[in-house]
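A.B. asks: coords_9.txt is reproduced in full below (compact mmCIF, C-alpha atoms).
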# COMPACT_ATOMS: atom_id res chain seq x y z
CA MET H 200 19.62 -26.51 -29.13
CA SER H 201 16.58 -24.84 -27.59
CA GLU H 202 16.86 -23.24 -24.16
CA PRO H 203 15.49 -25.24 -21.22
CA ARG H 204 12.04 -24.26 -20.02
CA LYS H 205 12.01 -21.86 -17.12
CA CYS H 206 10.96 -23.18 -13.74
CA ALA H 207 9.34 -21.34 -10.85
CA ILE H 208 8.19 -21.79 -7.27
CA VAL H 209 5.12 -19.89 -6.10
CA THR H 210 4.33 -20.06 -2.39
CA GLY H 211 0.78 -19.60 -1.21
CA ALA H 212 -0.31 -20.92 -4.60
CA GLY H 213 -3.57 -22.49 -3.48
CA SER H 214 -5.67 -19.33 -3.75
CA GLY H 215 -5.79 -15.63 -4.47
CA ILE H 216 -2.67 -13.89 -5.73
CA GLY H 217 -0.58 -17.05 -5.59
CA ARG H 218 -2.98 -18.99 -7.78
CA ALA H 219 -3.35 -16.13 -10.26
CA VAL H 220 0.42 -15.73 -10.58
CA ALA H 221 1.02 -19.48 -10.89
CA LEU H 222 -1.48 -19.69 -13.75
CA ALA H 223 -0.01 -16.63 -15.48
CA LEU H 224 3.47 -18.15 -15.33
CA VAL H 225 2.22 -21.45 -16.74
CA GLY H 226 0.54 -19.52 -19.54
CA ALA H 227 3.89 -17.89 -20.30
CA GLY H 228 5.62 -21.27 -20.59
CA PHE H 229 6.96 -21.82 -17.07
CA ARG H 230 6.84 -25.05 -15.17
CA VAL H 231 5.55 -24.13 -11.72
CA ALA H 232 5.90 -25.76 -8.33
CA ALA H 233 2.73 -24.65 -6.55
CA ALA H 234 3.48 -24.62 -2.82
CA GLY H 235 0.92 -24.31 -0.05
CA ARG H 236 -0.47 -26.03 3.02
CA ARG H 237 -3.61 -27.57 1.49
CA ARG H 238 -3.31 -30.26 -1.16
CA ASP H 239 -6.90 -29.82 -2.33
CA ALA H 240 -6.34 -26.10 -2.98
CA LEU H 241 -3.10 -26.80 -4.86
CA ASP H 242 -4.84 -29.45 -6.97
CA ALA H 243 -7.52 -26.89 -7.79
CA THR H 244 -4.82 -24.50 -8.98
CA ALA H 245 -3.43 -27.22 -11.24
CA SER H 246 -6.90 -28.01 -12.58
CA ALA H 247 -7.44 -24.32 -13.36
CA ALA H 248 -4.48 -24.52 -15.75
CA GLY H 249 -6.61 -26.66 -18.07
CA ASP H 250 -4.61 -28.45 -20.74
CA ARG H 251 -1.43 -27.16 -19.08
CA ALA H 252 -2.23 -28.73 -15.72
CA GLY H 253 0.78 -30.98 -16.18
CA ASP H 254 3.02 -27.93 -15.90
CA VAL H 255 1.83 -27.33 -12.32
CA MET H 256 3.43 -29.50 -9.65
CA PRO H 257 1.56 -29.25 -6.33
CA VAL H 258 3.91 -29.51 -3.34
CA VAL H 259 2.35 -29.39 0.12
CA THR H 260 4.52 -26.97 2.09
CA ASP H 261 4.37 -25.02 5.33
CA VAL H 262 6.76 -22.12 4.81
CA GLY H 263 6.91 -21.59 8.56
CA ASP H 264 8.57 -25.00 8.93
CA ALA H 265 12.22 -25.05 7.81
CA GLU H 266 12.17 -28.79 7.11
CA SER H 267 9.06 -28.47 4.98
CA VAL H 268 10.72 -25.72 2.94
CA ALA H 269 13.85 -27.87 2.51
CA GLN H 270 11.68 -30.69 1.16
CA LEU H 271 10.04 -28.29 -1.29
CA PHE H 272 13.37 -27.26 -2.77
CA THR H 273 14.65 -30.85 -2.83
CA THR H 274 11.56 -31.83 -4.81
CA VAL H 275 12.02 -28.96 -7.25
CA GLY H 276 15.68 -29.80 -7.73
CA ARG H 277 14.84 -33.43 -8.43
CA GLU H 278 11.85 -32.82 -10.72
CA PHE H 279 12.81 -29.59 -12.50
CA GLY H 280 16.60 -29.63 -12.26
CA ARG H 281 16.82 -25.86 -11.84
CA LEU H 282 15.01 -22.79 -10.49
CA ASP H 283 14.59 -19.56 -12.44
CA LEU H 284 12.02 -17.76 -10.31
CA LEU H 285 10.86 -17.75 -6.70
CA PHE H 286 7.72 -15.77 -5.86
CA ASN H 287 7.63 -15.38 -2.08
CA ASN H 288 3.90 -14.86 -1.79
CA ALA H 289 2.66 -16.87 1.21
CA GLY H 290 1.35 -14.59 3.91
CA ILE H 291 -1.25 -14.23 6.63
CA GLY H 292 -2.73 -11.40 8.64
CA SER H 293 -3.98 -11.24 12.22
CA PRO H 294 -7.23 -10.17 13.87
CA ALA H 295 -7.65 -6.40 13.97
CA VAL H 296 -7.17 -5.98 17.71
CA PRO H 297 -5.17 -3.32 19.54
CA LEU H 298 -1.43 -4.00 19.54
CA GLU H 299 -1.28 -4.25 23.32
CA GLU H 300 -3.97 -6.96 23.36
CA LEU H 301 -2.55 -9.19 20.63
CA PRO H 302 -1.66 -12.72 21.81
CA LEU H 303 2.03 -13.40 21.32
CA ALA H 304 1.23 -16.73 19.69
CA THR H 305 -0.59 -14.82 16.95
CA LEU H 306 2.40 -12.54 16.47
CA ARG H 307 4.69 -15.56 16.17
CA ALA H 308 2.44 -17.19 13.56
CA VAL H 309 2.47 -14.06 11.39
CA ILE H 310 6.25 -13.71 11.66
CA ASP H 311 6.82 -17.39 10.89
CA THR H 312 4.73 -17.27 7.72
CA ASN H 313 5.40 -13.77 6.38
CA LEU H 314 9.07 -13.27 7.27
CA PHE H 315 10.69 -16.52 8.39
CA GLY H 316 9.12 -18.39 5.47
CA ALA H 317 10.28 -15.86 2.90
CA PHE H 318 13.78 -15.80 4.40
CA VAL H 319 14.22 -19.58 4.39
CA CYS H 320 12.82 -19.89 0.86
CA THR H 321 15.25 -17.18 -0.24
CA GLN H 322 18.17 -19.05 1.33
CA HIS H 323 17.34 -22.22 -0.59
CA ALA H 324 16.69 -20.34 -3.82
CA ILE H 325 20.07 -18.61 -3.69
CA ARG H 326 21.82 -21.92 -3.09
CA MET H 327 20.16 -23.42 -6.16
CA MET H 328 20.47 -20.39 -8.41
CA LYS H 329 24.15 -19.71 -7.78
CA SER H 330 25.17 -23.31 -8.47
CA GLN H 331 23.06 -24.13 -11.53
CA THR H 332 23.95 -23.76 -15.21
CA PRO H 333 23.15 -21.26 -16.58
CA ARG H 334 23.71 -19.48 -13.28
CA GLY H 335 21.31 -17.04 -11.65
CA GLY H 336 17.62 -16.42 -11.31
CA ARG H 337 15.05 -14.02 -9.93
CA ILE H 338 13.29 -13.67 -6.59
CA ILE H 339 10.13 -11.59 -6.30
CA ASN H 340 8.78 -10.79 -2.85
CA ASN H 341 5.15 -9.96 -2.22
CA GLY H 342 5.28 -6.91 0.00
CA SER H 343 2.15 -4.86 0.57
CA ILE H 344 0.78 -1.35 0.66
CA SER H 345 1.39 -1.91 4.38
CA ALA H 346 5.12 -1.86 3.63
CA HIS H 347 4.57 1.90 3.21
CA ALA H 348 1.64 2.81 5.45
CA PRO H 349 -0.20 0.74 8.06
CA ARG H 350 -3.86 0.13 8.59
CA PRO H 351 -5.32 0.45 12.09
CA ASN H 352 -4.58 -2.51 14.36
CA SER H 353 -2.28 -4.26 11.88
CA ALA H 354 1.06 -4.21 13.71
CA PRO H 355 2.13 -7.85 13.09
CA TYR H 356 1.34 -7.79 9.38
CA THR H 357 2.74 -4.29 8.87
CA ALA H 358 5.95 -5.07 10.75
CA THR H 359 6.61 -8.19 8.68
CA LYS H 360 5.95 -6.37 5.42
CA HIS H 361 8.41 -3.64 6.38
CA ALA H 362 10.86 -6.46 7.10
CA ILE H 363 10.21 -7.93 3.66
CA THR H 364 11.39 -4.63 2.17
CA GLY H 365 14.66 -5.03 4.08
CA LEU H 366 14.94 -8.62 2.89
CA THR H 367 14.34 -7.50 -0.70
CA LYS H 368 17.08 -4.89 -0.54
CA SER H 369 19.58 -7.23 1.11
CA THR H 370 18.84 -10.05 -1.33
CA SER H 371 19.14 -7.70 -4.28
CA LEU H 372 22.56 -6.57 -3.05
CA ASP H 373 23.91 -9.95 -1.96
CA GLY H 374 22.57 -11.76 -5.02
CA ARG H 375 24.35 -9.58 -7.58
CA ARG H 376 27.56 -11.61 -7.50
CA TYR H 377 25.58 -14.70 -8.49
CA ASP H 378 23.41 -13.09 -11.23
CA ILE H 379 20.39 -13.21 -8.94
CA ALA H 380 17.92 -10.34 -9.22
CA CYS H 381 15.45 -9.56 -6.45
CA GLY H 382 12.49 -7.20 -6.54
CA GLN H 383 9.29 -6.53 -4.62
CA ILE H 384 5.69 -5.97 -5.61
CA ASP H 385 3.47 -4.04 -3.22
CA ILE H 386 -0.20 -4.76 -3.80
CA GLY H 387 -3.21 -2.76 -2.73
CA ASN H 388 -6.76 -4.14 -2.70
CA ALA H 389 -6.69 -7.00 -5.18
CA ALA H 390 -10.01 -8.85 -5.27
CA THR H 391 -9.14 -12.05 -3.39
CA GLU H 392 -10.65 -13.91 -0.45
CA MET H 393 -8.16 -12.20 1.86
CA ALA H 394 -9.31 -8.73 0.72
CA ALA H 395 -13.03 -9.47 0.39
CA ARG H 396 -13.76 -7.49 3.56
CA MET H 397 -12.78 -4.28 1.73
CA ALA H 398 -16.05 -4.45 -0.19
CA THR H 399 -18.12 -4.43 3.01
CA GLY H 400 -16.22 -1.70 4.85
CA VAL H 401 -12.96 -1.58 6.83
CA PRO H 402 -11.65 0.78 9.53
CA GLN H 403 -9.86 3.92 8.38
CA ALA H 404 -7.15 5.90 10.13
CA ASN H 405 -9.62 8.63 11.14
CA GLY H 406 -11.87 6.13 12.92
CA ASP H 407 -14.47 5.83 10.17
CA THR H 408 -15.41 2.63 8.41
CA ALA H 409 -15.45 2.79 4.62
CA ILE H 410 -15.93 0.53 1.63
CA GLU H 411 -12.76 0.46 -0.49
CA PRO H 412 -12.44 -0.16 -4.22
CA LEU H 413 -10.89 -3.42 -5.41
CA MET H 414 -9.06 -4.37 -8.60
CA ASP H 415 -9.02 -7.65 -10.52
CA VAL H 416 -6.28 -9.97 -9.28
CA ALA H 417 -5.37 -10.57 -12.93
CA HIS H 418 -3.65 -7.18 -12.93
CA VAL H 419 -1.35 -8.37 -10.16
CA ALA H 420 -0.53 -11.52 -12.12
CA SER H 421 0.29 -9.43 -15.19
CA ALA H 422 2.60 -7.20 -13.15
CA VAL H 423 4.48 -10.15 -11.65
CA LEU H 424 4.73 -11.74 -15.09
CA TYR H 425 6.30 -8.55 -16.43
CA MET H 426 8.86 -8.54 -13.62
CA ALA H 427 9.60 -12.22 -14.28
CA SER H 428 9.98 -11.67 -18.03
CA LEU H 429 12.93 -9.30 -17.78
CA PRO H 430 16.46 -10.50 -18.53
CA LEU H 431 18.61 -10.84 -15.43
CA ALA H 432 20.51 -7.73 -16.47
CA ALA H 433 17.36 -5.70 -15.65
CA ASN H 434 15.28 -5.59 -12.48
CA VAL H 435 12.12 -3.98 -11.17
CA GLN H 436 13.32 -3.18 -7.67
CA PHE H 437 9.94 -2.05 -6.37
CA MET H 438 6.53 -1.90 -8.00
CA THR H 439 3.21 -0.82 -6.52
CA VAL H 440 0.01 -2.00 -8.19
CA MET H 441 -3.24 -0.95 -6.57
CA ALA H 442 -6.88 -0.13 -7.06
CA THR H 443 -6.75 3.42 -8.39
CA LYS H 444 -9.32 4.85 -6.01
CA MET H 445 -8.31 3.04 -2.83
CA PRO H 446 -7.55 5.41 0.07
CA PHE H 447 -3.79 4.94 0.15
CA VAL H 448 -2.10 8.02 -1.29
CA GLY H 449 -2.85 10.68 1.31
CA ARG H 450 -4.62 8.35 3.68
CA GLY H 451 -4.60 9.16 7.36
Let me see whether you can do it: turn the structure in this file into structure tokens.
C.D. replies:
Amino acid sequence: MSEPRKCAIVTGAGSGIGRAVALALVGAGFRVAAAGRRRDALDATASAAGDRAGDVMPVVTDVGDAESVAQLFTTVGREFGRLDLLFNNAGIGSPAVPLEELPLATLRAVIDTNLFGAFVCTQHAIRMMKSQTPRGGRIINNGSISAHAPRPNSAPYTATKHAITGLTKSTSLDGRRYDIACGQIDIGNAATEMAARMATGVPQANGDTAIEPLMDVAHVASAVLYMASLPLAANVQFMTVMATKMPFVGRG
């Protein structure tokens, strides 16, 4: 008897890194639940899969809403019957304003999407993975270069990405007993809509504004696919993939 096809959830799958990863997973034989807030964007991700569009299941989801996340996992359980991979990718930034001037509503929105959403998705994934047969699965969190070093005026985003590192470590530890592996990919300057401003110049730690190199988002998708391809007995705990010449190592 052949093994069942692997099934994945990718949050923030309507564009950028999420779309690229969803398509890479489909190309590797996964069935993918593409989660995001906009149905049209999710449908576009499915269409981009070409003759494998049927392996992409768009599920409109707001990761900052616990009930919406619960509905996502209920749908996946009903349609796929299991979950082998969760890619916690959904994330937002905030306007680059001084920390002391940031509206608290903006802070709350970033926390709800970047941290609360990843935490609640992880809760549901663990519940599914520890009770299914065969048991276990993998969770990959999208961290950021900002999980290591901040950009100017990025306190909400940077704080949540540091928190994601803590969530990754705790999930990796607590998931062991259930054959659940958890790792984190920290990405620097992938060419997506979110990072497009890098090509026109962004503030640097010394006060200058500089254009920063970008890399093809396909390299991020390949890295996540490698992490996802490992047997559960092996885990990439942390990986950094970045544009080689971006001002990260030694910046400041």
A.B. asks: Report as a Markdown table: every residue of region 326-412 of chain H with an atom at most 12 Å from region 283-286 of chain H, its closest pair of atoms, and their distance in Å to one decimal, counting all atoms listed in the file, with rows sorted by chain and ascending residue number.
C.D. replies:
| residue | atom | partner | partner_atom | distance |
| --- | --- | --- | --- | --- |
| H:Met327 | CA | H:Asp283 | CA | 9.2 |
| H:Met328 | CA | H:Asp283 | CA | 7.2 |
| H:Lys329 | CA | H:Asp283 | CA | 10.6 |
| H:Ser330 | CA | H:Asp283 | CA | 11.9 |
| H:Gln331 | CA | H:Asp283 | CA | 9.7 |
| H:Thr332 | CA | H:Asp283 | CA | 10.6 |
| H:Pro333 | CA | H:Asp283 | CA | 9.7 |
| H:Arg334 | CA | H:Asp283 | CA | 9.2 |
| H:Gly335 | CA | H:Asp283 | CA | 7.2 |
| H:Gly336 | CA | H:Asp283 | CA | 4.5 |
| H:Arg337 | CA | H:Leu284 | CA | 4.8 |
| H:Ile338 | CA | H:Leu285 | CA | 4.8 |
| H:Ile339 | CA | H:Phe286 | CA | 4.8 |
| H:Asn340 | CA | H:Phe286 | CA | 5.9 |
| H:Asn341 | CA | H:Phe286 | CA | 7.3 |
| H:Gly342 | CA | H:Phe286 | CA | 10.9 |
| H:Thr367 | CA | H:Phe286 | CA | 11.8 |
| H:Asp378 | CA | H:Asp283 | CA | 11.0 |
| H:Ile379 | CA | H:Asp283 | CA | 9.3 |
| H:Ala380 | CA | H:Leu284 | CA | 9.5 |
| H:Cys381 | CA | H:Leu285 | CA | 9.4 |
| H:Gly382 | CA | H:Phe286 | CA | 9.8 |
| H:Gln383 | CA | H:Phe286 | CA | 9.5 |
| H:Ile384 | CA | H:Phe286 | CA | 10.0 |
A.B. asks: Using all atoms listed in the file, can you tell me which of H:Ser353, H:Thr364, H:Thr210, H:Gln403 comes closest to Leu301 (chain H)?
C.D. replies: H:Ser353
A.B. asks: Which residue gives the smallest distance to Phe229 (chain H) among H:Pro203, H:Pro355, H:Gly292, H:Pro257, with all atoms listed in the file counted?
C.D. replies: H:Pro203
A.B. asks: Enter the distance from CA of Ser369 (chain H) to CA of Ser267 (chain H), in Å, rounded to one decimal.
C.D. replies: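 Atom-to-atom, CA of Ser369 (chain H) and CA of Ser267 (chain H) are spaced 24.0 Å apart.
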A.B. asks: Calculate, to one decimal in Å, the centre and edge lengths of the box along x, y and z of the file that holds all listed atoms of region 293-311 of chain H with 5 Å of margin on each side, and present them as JSON.
C.D. replies:
{"center_x": -0.4, "center_y": -10.4, "center_z": 17.1, "size_x": 24.5, "size_y": 24.1, "size_z": 22.5}
A.B. asks: For each of H:Phe437, H:Ala304, H:Thr391, H:His418, take the minimum atom-to-atom distance to Ala346 (chain H), counting all atoms listed in the file, then give the residue where this is smallest.
C.D. replies: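 Comparing H:Phe437, H:Ala304, H:Thr391, H:His418 against Ala346 (chain H), the winner is H:Phe437.
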A.B. asks: At what distance in Å, to one decimal, does CA of Met441 (chain H) lie from CA of Glu411 (chain H)?
C.D. replies: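 If I compute the distance from CA of Glu411 (chain H) to CA of Met441 (chain H), I get 11.4 Å.
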A.B. asks: Rebuild N, CA, C and O atoms on region 202-216 of chain H, as a PDB file, in the frame of the given file?
C.D. replies:
ATOM      1  N   GLU H 202      16.596 -23.500 -25.573  1.00  0.00           N
ATOM      2  CA  GLU H 202      16.860 -23.240 -24.160  1.00  0.00           C
ATOM      3  C   GLU H 202      15.914 -24.075 -23.302  1.00  0.00           C
ATOM      4  O   GLU H 202      14.766 -24.348 -23.687  1.00  0.00           O
ATOM      5  N   PRO H 203      16.367 -24.491 -22.112  1.00  0.00           N
ATOM      6  CA  PRO H 203      15.490 -25.240 -21.220  1.00  0.00           C
ATOM      7  C   PRO H 203      14.324 -24.374 -20.759  1.00  0.00           C
ATOM      8  O   PRO H 203      14.437 -23.144 -20.674  1.00  0.00           O
ATOM      9  N   ARG H 204      13.194 -24.999 -20.502  1.00  0.00           N
ATOM     10  CA  ARG H 204      12.040 -24.260 -20.020  1.00  0.00           C
ATOM     11  C   ARG H 204      12.325 -23.669 -18.648  1.00  0.00           C
ATOM     12  O   ARG H 204      13.003 -24.275 -17.819  1.00  0.00           O
ATOM     13  N   LYS H 205      11.808 -22.491 -18.409  1.00  0.00           N
ATOM     14  CA  LYS H 205      12.010 -21.860 -17.120  1.00  0.00           C
ATOM     15  C   LYS H 205      11.124 -22.506 -16.065  1.00  0.00           C
ATOM     16  O   LYS H 205      10.011 -22.959 -16.348  1.00  0.00           O
ATOM     17  N   CYS H 206      11.638 -22.521 -14.844  1.00  0.00           N
ATOM     18  CA  CYS H 206      10.960 -23.180 -13.740  1.00  0.00           C
ATOM     19  C   CYS H 206      10.801 -22.210 -12.577  1.00  0.00           C
ATOM     20  O   CYS H 206      11.698 -21.413 -12.302  1.00  0.00           O
ATOM     21  N   ALA H 207       9.655 -22.283 -11.916  1.00  0.00           N
ATOM     22  CA  ALA H 207       9.340 -21.340 -10.850  1.00  0.00           C
ATOM     23  C   ALA H 207       8.749 -22.045  -9.644  1.00  0.00           C
ATOM     24  O   ALA H 207       8.152 -23.119  -9.763  1.00  0.00           O
ATOM     25  N   ILE H 208       8.909 -21.418  -8.493  1.00  0.00           N
ATOM     26  CA  ILE H 208       8.190 -21.790  -7.270  1.00  0.00           C
ATOM     27  C   ILE H 208       7.306 -20.610  -6.897  1.00  0.00           C
ATOM     28  O   ILE H 208       7.757 -19.464  -6.862  1.00  0.00           O
ATOM     29  N   VAL H 209       6.045 -20.896  -6.614  1.00  0.00           N
ATOM     30  CA  VAL H 209       5.120 -19.890  -6.100  1.00  0.00           C
ATOM     31  C   VAL H 209       4.600 -20.398  -4.764  1.00  0.00           C
ATOM     32  O   VAL H 209       3.985 -21.464  -4.693  1.00  0.00           O
ATOM     33  N   THR H 210       4.862 -19.663  -3.696  1.00  0.00           N
ATOM     34  CA  THR H 210       4.330 -20.060  -2.390  1.00  0.00           C
ATOM     35  C   THR H 210       2.948 -19.438  -2.196  1.00  0.00           C
ATOM     36  O   THR H 210       2.617 -18.418  -2.794  1.00  0.00           O
ATOM     37  N   GLY H 211       2.151 -20.071  -1.374  1.00  0.00           N
ATOM     38  CA  GLY H 211       0.780 -19.600  -1.210  1.00  0.00           C
ATOM     39  C   GLY H 211      -0.006 -19.714  -2.494  1.00  0.00           C
ATOM     40  O   GLY H 211      -0.841 -18.860  -2.814  1.00  0.00           O
ATOM     41  N   ALA H 212       0.235 -20.797  -3.249  1.00  0.00           N
ATOM     42  CA  ALA H 212      -0.310 -20.920  -4.600  1.00  0.00           C
ATOM     43  C   ALA H 212      -1.703 -21.537  -4.650  1.00  0.00           C
ATOM     44  O   ALA H 212      -2.256 -21.725  -5.720  1.00  0.00           O
ATOM     45  N   GLY H 213      -2.281 -21.829  -3.494  1.00  0.00           N
ATOM     46  CA  GLY H 213      -3.570 -22.490  -3.480  1.00  0.00           C
ATOM     47  C   GLY H 213      -4.764 -21.570  -3.645  1.00  0.00           C
ATOM     48  O   GLY H 213      -5.891 -22.044  -3.826  1.00  0.00           O
ATOM     49  N   SER H 214      -4.549 -20.269  -3.620  1.00  0.00           N
ATOM     50  CA  SER H 214      -5.670 -19.330  -3.750  1.00  0.00           C
ATOM     51  C   SER H 214      -5.150 -17.942  -4.080  1.00  0.00           C
ATOM     52  O   SER H 214      -3.947 -17.686  -4.066  1.00  0.00           O
ATOM     53  N   GLY H 215      -6.073 -17.044  -4.355  1.00  0.00           N
ATOM     54  CA  GLY H 215      -5.790 -15.630  -4.470  1.00  0.00           C
ATOM     55  C   GLY H 215      -4.665 -15.252  -5.413  1.00  0.00           C
ATOM     56  O   GLY H 215      -4.579 -15.738  -6.546  1.00  0.00           O
ATOM     57  N   ILE H 216      -3.780 -14.389  -4.924  1.00  0.00           N
ATOM     58  CA  ILE H 216      -2.670 -13.890  -5.730  1.00  0.00           C
ATOM     59  C   ILE H 216      -1.757 -15.028  -6.158  1.00  0.00           C
ATOM     60  O   ILE H 216      -1.312 -15.078  -7.308  1.00  0.00           O
TER      61      ILE H 216
END
